[in-house]
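Novice: I'd like to ask some things about the structure below.
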Amino acid sequence: MRHSSFTVFVIAALACLIAIAPLAWLRVARSDEPKPIDSAACLECHESDLSAMGGTAHDVTGNRTVACTSCHTHIDPAHLEEPEEHPVSNPETLRADSVVALCTTCHAHPHTLNMLERDPHQDADMSCLSCHRIHDNKHAGLLVEEQTKLCYSCHPSARADFAKSSHHPIEDGVMQCMDCHMSANQ
C-alpha cells in the first residue's frame with residue numbers, strides 16, 4: 001500500500017509541475033519588463049563615440065559581438081529617460097584590478113593576463129586604461145599616445161639609455177618597446 005501512495009504522490013507532483021509551467025513561461029514573456037539596452041539605444045545620445053570607435057575592435061555597429069554594455073555594465077534602463085539621475089558605469093572610475101578583470105573578459109591574451117598576475121604596471125596601480133582609450137582611435141592599439149612616447153612618459157631614464165652609442169634602435173624606428181615588453185613571458 002505504501003508503494004502505491006508514493007506513486008500517487010509522484011504523479012500528483014508531476015501534474016502540478018506541468019500545470020504551473022505555462023504560468024512560468026508567461027512571466028518570462030511579459031512585455032512590460034525592462035529589456036536589455038542595446039548599443040543602438042546608446043548611440044542615440046552618444047553618436048560621437050561611434051565615430052571614435054569606428055574601425056576598431058570596439059566598433060559596436062554591424063554584426064559585432066561587442067556592445068556598449070560589454071564595458072559599461074549594469075546599465076539601469078531608466079538611464080535612457082533620465083541619464084543624470086541614473087548614470088552609466090564608467091570603467092575609468094573602477095580600481096585598476098577591476099578594469100583589468102573587465103578587459104580580460106574579451107582580451108584574454110598573454111599581455112592582458114599578465115596584467116592580472118605579474119606585470120609591474122599592476123603593482124603601480126595602473127590598468128589597461130592607463131595606456132589605452134577605447135573611445136579614441138588616434139593611435140595604434142588605441143594607445144593614448146604614440147607607443148614610444150607613451151612609454152617614455154613614465155620611463156624617462158630608458159630614453160636616456162637609448163641615446164647612448166650602444167643601444168636598442170628604438171630612436172631609429174627599427175624596434176619599439178613592445179617588441180620585448182609584450183612577450184608571453186613578461
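Lettering and numbering for the C-alpha cells are positional, with chains as A, B, ... in the shown order, residues counted from 1 in each chain, and ligands counted from 1 in the shown order.
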I'd like to know which residues of range 28-93 of chain A are helix (DSSP H, G or I) (by DSSP, run on the backbone); could you write them as a list in words?
Specialist: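 The helix (DSSP H, G or I) residues within range 28-93 of chain A come out as Val28, Ala29, Ser39, Ala40, Ala41, Cys42, Leu43, Glu47, Ser48, Asp49, Leu50, Ser51, Ala52, Met53, Cys68, Thr69, Ser70, Cys71, Pro77, Ala78, His79, Leu80, Pro91, Glu92 and Thr93 of chain A.
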Novice: Would you kindly return, as a JSON list (two decimals) with N, CA, C and O atoms, in the first residue's frame, each protein, DNA or RNA residue with an atom no farther than 7 Å from any atom of range 39-47 of chain A, considering only C-alpha atoms and excluding same-chain residues fewer than 2 positions away?
Specialist:
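In the end it all went to out10.json:
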```json
[["chain", "number", "residue", "atom", "x", "y", "z"],
["A", 37, "ILE", "N", 19.53, 46.90, -22.68],
["A", 37, "ILE", "CA", 19.85, 48.07, -23.50],
["A", 37, "ILE", "C", 20.84, 47.64, -24.58],
["A", 37, "ILE", "O", 21.86, 47.02, -24.28],
["A", 49, "ASP", "N", 30.78, 58.87, -30.00],
["A", 49, "ASP", "CA", 31.56, 57.67, -29.67],
["A", 49, "ASP", "C", 31.60, 56.69, -30.82],
["A", 49, "ASP", "O", 32.55, 55.94, -30.97],
["A", 50, "LEU", "N", 30.57, 56.71, -31.65],
["A", 50, "LEU", "CA", 30.53, 55.81, -32.80],
["A", 50, "LEU", "C", 31.68, 56.11, -33.75],
["A", 50, "LEU", "O", 32.39, 55.19, -34.17],
["A", 60, "VAL", "N", 30.81, 49.16, -32.36],
["A", 60, "VAL", "CA", 29.59, 48.48, -31.93],
["A", 60, "VAL", "C", 28.54, 48.38, -33.04],
["A", 60, "VAL", "O", 27.43, 47.91, -32.80],
["A", 67, "ALA", "N", 29.43, 45.15, -27.47],
["A", 67, "ALA", "CA", 28.34, 46.13, -27.31],
["A", 67, "ALA", "C", 28.77, 47.14, -26.27],
["A", 67, "ALA", "O", 29.73, 46.92, -25.52],
["A", 68, "CYS", "N", 28.07, 48.24, -26.20],
["A", 68, "CYS", "CA", 28.37, 49.24, -25.17],
["A", 68, "CYS", "C", 28.34, 48.61, -23.78],
["A", 68, "CYS", "O", 29.16, 48.92, -22.92]]
```
Novice: For Asp76 in chain A, please output as a PDB file with all heavy atoms, in the first residue's frame all residues within 9 Å (counting only C-alpha atoms; exclusion window: fewer than 5 positions along the same chain).
Specialist:
```pdb
ATOM      1  N   ILE A  37      19.527  46.904 -22.679  1.00  0.00           N
ATOM      2  CA  ILE A  37      19.849  48.074 -23.503  1.00  0.00           C
ATOM      3  C   ILE A  37      20.841  47.643 -24.577  1.00  0.00           C
ATOM      4  O   ILE A  37      21.860  47.024 -24.278  1.00  0.00           O
ATOM      5  CB  ILE A  37      20.436  49.193 -22.626  1.00  0.00           C
ATOM      6  CG1 ILE A  37      19.365  49.667 -21.648  1.00  0.00           C
ATOM      7  CG2 ILE A  37      20.945  50.337 -23.480  1.00  0.00           C
ATOM      8  CD1 ILE A  37      19.854  50.662 -20.644  1.00  0.00           C
ATOM      9  N   HIS A  86      20.347  58.541 -13.428  1.00  0.00           N
ATOM     10  CA  HIS A  86      20.742  57.128 -13.485  1.00  0.00           C
ATOM     11  C   HIS A  86      22.006  57.006 -14.339  1.00  0.00           C
ATOM     12  O   HIS A  86      21.952  56.551 -15.476  1.00  0.00           O
ATOM     13  CB  HIS A  86      19.611  56.285 -14.077  1.00  0.00           C
ATOM     14  CG  HIS A  86      18.320  56.434 -13.348  1.00  0.00           C
ATOM     15  ND1 HIS A  86      18.041  55.732 -12.198  1.00  0.00           N
ATOM     16  CD2 HIS A  86      17.251  57.232 -13.585  1.00  0.00           C
ATOM     17  CE1 HIS A  86      16.837  56.073 -11.771  1.00  0.00           C
ATOM     18  NE2 HIS A  86      16.339  56.989 -12.586  1.00  0.00           N
ATOM     19  N   PRO A  87      23.157  57.425 -13.805  1.00  0.00           N
ATOM     20  CA  PRO A  87      24.384  57.412 -14.607  1.00  0.00           C
ATOM     21  C   PRO A  87      24.840  55.983 -14.942  1.00  0.00           C
ATOM     22  O   PRO A  87      24.535  55.036 -14.223  1.00  0.00           O
ATOM     23  CB  PRO A  87      25.404  58.120 -13.715  1.00  0.00           C
ATOM     24  CG  PRO A  87      24.866  57.987 -12.338  1.00  0.00           C
ATOM     25  CD  PRO A  87      23.383  57.909 -12.451  1.00  0.00           C
ATOM     26  N   VAL A  88      25.551  55.885 -16.034  1.00  0.00           N
ATOM     27  CA  VAL A  88      26.091  54.609 -16.501  1.00  0.00           C
ATOM     28  C   VAL A  88      27.425  54.354 -15.818  1.00  0.00           C
ATOM     29  O   VAL A  88      28.186  55.286 -15.544  1.00  0.00           O
ATOM     30  CB  VAL A  88      26.269  54.669 -18.035  1.00  0.00           C
ATOM     31  CG1 VAL A  88      27.035  53.472 -18.547  1.00  0.00           C
ATOM     32  CG2 VAL A  88      24.924  54.782 -18.708  1.00  0.00           C
TER      33      VAL A  88
END
```
Novice: Would you mind telling me which residue in A:His155, A:Ser127, A:Val144, A:His79 lies nearest to His111 in chain A when using only C-alpha atoms?
Specialist: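 The closest residue to His111 in chain A is A:Ser127.
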Novice: Skip range 122-124 of chain A itself and residues of its chain fewer than 6 positions away, then list as a ChimeraX atom specification all residues within 12 Å of it, counting only C-alpha atoms.
Specialist: /A:95-101,111-116,130,154
Novice: Store the residues picked out above, limited to all heavy atoms, as a compact mmCIF listing (two decimals), in the first residue's frame.
Specialist:
```
# COMPACT_ATOMS: atom_id res chain seq x y z
N ARG A 95 38.66 50.44 -9.84
CA ARG A 95 40.02 50.14 -9.39
C ARG A 95 40.77 49.45 -10.53
O ARG A 95 40.16 48.81 -11.38
CB ARG A 95 39.99 49.21 -8.18
CG ARG A 95 39.50 49.83 -6.92
CD ARG A 95 39.69 48.91 -5.71
NE ARG A 95 40.01 47.53 -6.05
CZ ARG A 95 39.27 46.48 -5.69
NH1 ARG A 95 38.18 46.64 -4.99
NH2 ARG A 95 39.63 45.26 -6.04
N ALA A 96 42.08 49.58 -10.54
CA ALA A 96 42.90 49.03 -11.62
C ALA A 96 42.65 47.54 -11.82
O ALA A 96 42.48 47.07 -12.95
CB ALA A 96 44.37 49.30 -11.35
N ASP A 97 42.60 46.77 -10.76
CA ASP A 97 42.42 45.32 -10.91
C ASP A 97 41.03 44.99 -11.48
O ASP A 97 40.87 44.03 -12.23
CB ASP A 97 42.68 44.57 -9.62
CG ASP A 97 41.78 45.02 -8.46
OD1 ASP A 97 41.22 46.14 -8.51
OD2 ASP A 97 41.65 44.25 -7.49
N SER A 98 40.04 45.81 -11.17
CA SER A 98 38.70 45.60 -11.72
C SER A 98 38.66 45.92 -13.21
O SER A 98 37.98 45.24 -13.97
CB SER A 98 37.68 46.46 -10.98
OG SER A 98 37.59 46.08 -9.64
N VAL A 99 39.39 46.95 -13.63
CA VAL A 99 39.46 47.28 -15.05
C VAL A 99 40.13 46.15 -15.81
O VAL A 99 39.65 45.71 -16.86
CB VAL A 99 40.22 48.61 -15.29
CG1 VAL A 99 40.49 48.83 -16.78
CG2 VAL A 99 39.46 49.77 -14.70
N VAL A 100 41.25 45.65 -15.29
CA VAL A 100 41.96 44.57 -15.96
C VAL A 100 41.06 43.33 -16.04
O VAL A 100 40.98 42.68 -17.08
CB VAL A 100 43.29 44.25 -15.25
CG1 VAL A 100 43.95 43.03 -15.85
CG2 VAL A 100 44.22 45.45 -15.32
N ALA A 101 40.33 43.03 -14.98
CA ALA A 101 39.42 41.88 -15.00
C ALA A 101 38.33 42.08 -16.05
O ALA A 101 37.97 41.14 -16.77
CB ALA A 101 38.82 41.68 -13.61
N HIS A 111 49.48 39.38 -22.77
CA HIS A 111 49.73 40.72 -22.20
C HIS A 111 48.69 41.07 -21.14
O HIS A 111 49.03 41.49 -20.03
CB HIS A 111 49.76 41.78 -23.30
CG HIS A 111 49.86 43.17 -22.77
ND1 HIS A 111 50.98 43.65 -22.13
CD2 HIS A 111 48.98 44.20 -22.78
CE1 HIS A 111 50.78 44.90 -21.76
NE2 HIS A 111 49.57 45.26 -22.15
N THR A 112 47.43 40.93 -21.47
CA THR A 112 46.39 41.32 -20.51
C THR A 112 46.33 40.35 -19.34
O THR A 112 46.08 40.77 -18.21
CB THR A 112 45.01 41.41 -21.18
OG1 THR A 112 44.76 40.19 -21.89
CG2 THR A 112 44.93 42.59 -22.12
N LEU A 113 46.54 39.08 -19.58
CA LEU A 113 46.54 38.12 -18.46
C LEU A 113 47.71 38.39 -17.52
O LEU A 113 47.58 38.24 -16.30
CB LEU A 113 46.56 36.69 -18.99
CG LEU A 113 45.30 36.27 -19.74
CD1 LEU A 113 45.48 34.88 -20.35
CD2 LEU A 113 44.09 36.30 -18.84
N ASN A 114 48.85 38.81 -18.08
CA ASN A 114 49.99 39.16 -17.22
C ASN A 114 49.69 40.37 -16.35
O ASN A 114 50.24 40.51 -15.26
CB ASN A 114 51.24 39.42 -18.07
CG ASN A 114 51.88 38.14 -18.54
OD1 ASN A 114 51.67 37.08 -17.96
ND2 ASN A 114 52.66 38.22 -19.59
N MET A 115 48.85 41.28 -16.84
CA MET A 115 48.46 42.43 -16.02
C MET A 115 47.80 41.97 -14.72
O MET A 115 47.93 42.61 -13.69
CB MET A 115 47.49 43.34 -16.77
CG MET A 115 48.09 44.16 -17.88
SD MET A 115 49.11 45.52 -17.28
CE MET A 115 47.90 46.62 -16.57
N LEU A 116 47.11 40.84 -14.78
CA LEU A 116 46.45 40.32 -13.58
C LEU A 116 47.43 39.62 -12.65
O LEU A 116 47.24 39.60 -11.45
CB LEU A 116 45.37 39.31 -13.99
CG LEU A 116 44.08 39.88 -14.53
CD1 LEU A 116 43.21 38.76 -15.09
CD2 LEU A 116 43.31 40.62 -13.45
N SER A 130 45.20 53.06 -18.31
CA SER A 130 46.32 53.97 -18.10
C SER A 130 47.04 54.24 -19.42
O SER A 130 47.63 55.30 -19.59
CB SER A 130 47.32 53.37 -17.10
OG SER A 130 46.70 53.14 -15.86
N CYS A 154 56.61 57.65 -18.71
CA CYS A 154 56.79 57.09 -17.36
C CYS A 154 58.19 56.55 -17.13
O CYS A 154 58.59 56.33 -15.99
CB CYS A 154 55.78 55.97 -17.11
SG CYS A 154 54.07 56.51 -17.04
```
Novice: Between A:Thr69, A:Met53, A:Ala15, A:Cys180, which is the closest to Asp38 in chain A once you count only C-alpha atoms?
Specialist: A:Thr69
Novice: Got a sec: who's within 9 Å of range 168-177 of chain A, counting only C-alpha atoms, leaving out chain neighbours fewer than 4 positions off, as a tab-separated table (two decimals) with N, CA, C and O atoms, in the first residue's frame?
Specialist:
```tsv
chain	number	residue	atom	x	y	z
A	147	GLN	N	53.30	54.91	-29.24
A	147	GLN	CA	53.82	53.95	-28.27
A	147	GLN	C	55.13	54.35	-27.59
A	147	GLN	O	55.21	54.34	-26.36
A	148	THR	N	56.14	54.70	-28.33
A	148	THR	CA	57.42	55.02	-27.72
A	148	THR	C	57.30	56.25	-26.82
A	148	THR	O	57.81	56.26	-25.70
A	151	CYS	N	55.60	55.24	-23.55
A	151	CYS	CA	56.49	54.52	-22.62
A	151	CYS	C	57.49	55.48	-21.97
A	151	CYS	O	57.75	55.40	-20.77
A	159	ARG	N	64.78	56.48	-22.05
A	159	ARG	CA	65.07	57.33	-23.21
A	159	ARG	C	66.55	57.72	-23.20
A	159	ARG	O	67.21	57.69	-24.25
A	161	ASP	N	68.98	56.04	-21.87
A	161	ASP	CA	69.76	54.83	-22.18
A	161	ASP	C	69.80	54.57	-23.69
A	161	ASP	O	70.82	54.14	-24.23
A	162	PHE	N	68.68	54.85	-24.36
A	162	PHE	CA	68.63	54.58	-25.79
A	162	PHE	C	69.33	55.66	-26.61
A	162	PHE	O	69.48	55.52	-27.82
A	163	ALA	N	69.77	56.73	-25.98
A	163	ALA	CA	70.53	57.76	-26.67
A	163	ALA	C	72.03	57.46	-26.64
A	163	ALA	O	72.82	58.12	-27.31
A	181	HIS	N	58.76	43.96	-24.48
A	181	HIS	CA	57.97	44.03	-23.25
A	181	HIS	C	56.51	43.64	-23.41
A	181	HIS	O	55.70	43.97	-22.56
A	182	MET	N	56.18	42.92	-24.46
A	182	MET	CA	54.82	42.41	-24.64
A	182	MET	C	54.86	40.91	-24.92
A	182	MET	O	53.96	40.37	-25.50
```
Novice: Can you work out the spacing between CA of Thr105 in chain A and CA of Cys71 in chain A in Å, to one decimal?
Specialist: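 Between these atoms lies a distance of 9.6 Å.
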Novice: Determine the nearest neighbour of Arg133 in chain A from the options A:Glu85, A:Thr56, A:Thr61, A:Ser4, counting only C-alpha atoms.
Specialist: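 Of A:Glu85, A:Thr56, A:Thr61, A:Ser4, the one nearest Arg133 in chain A, counting only C-alpha atoms, is A:Thr56.
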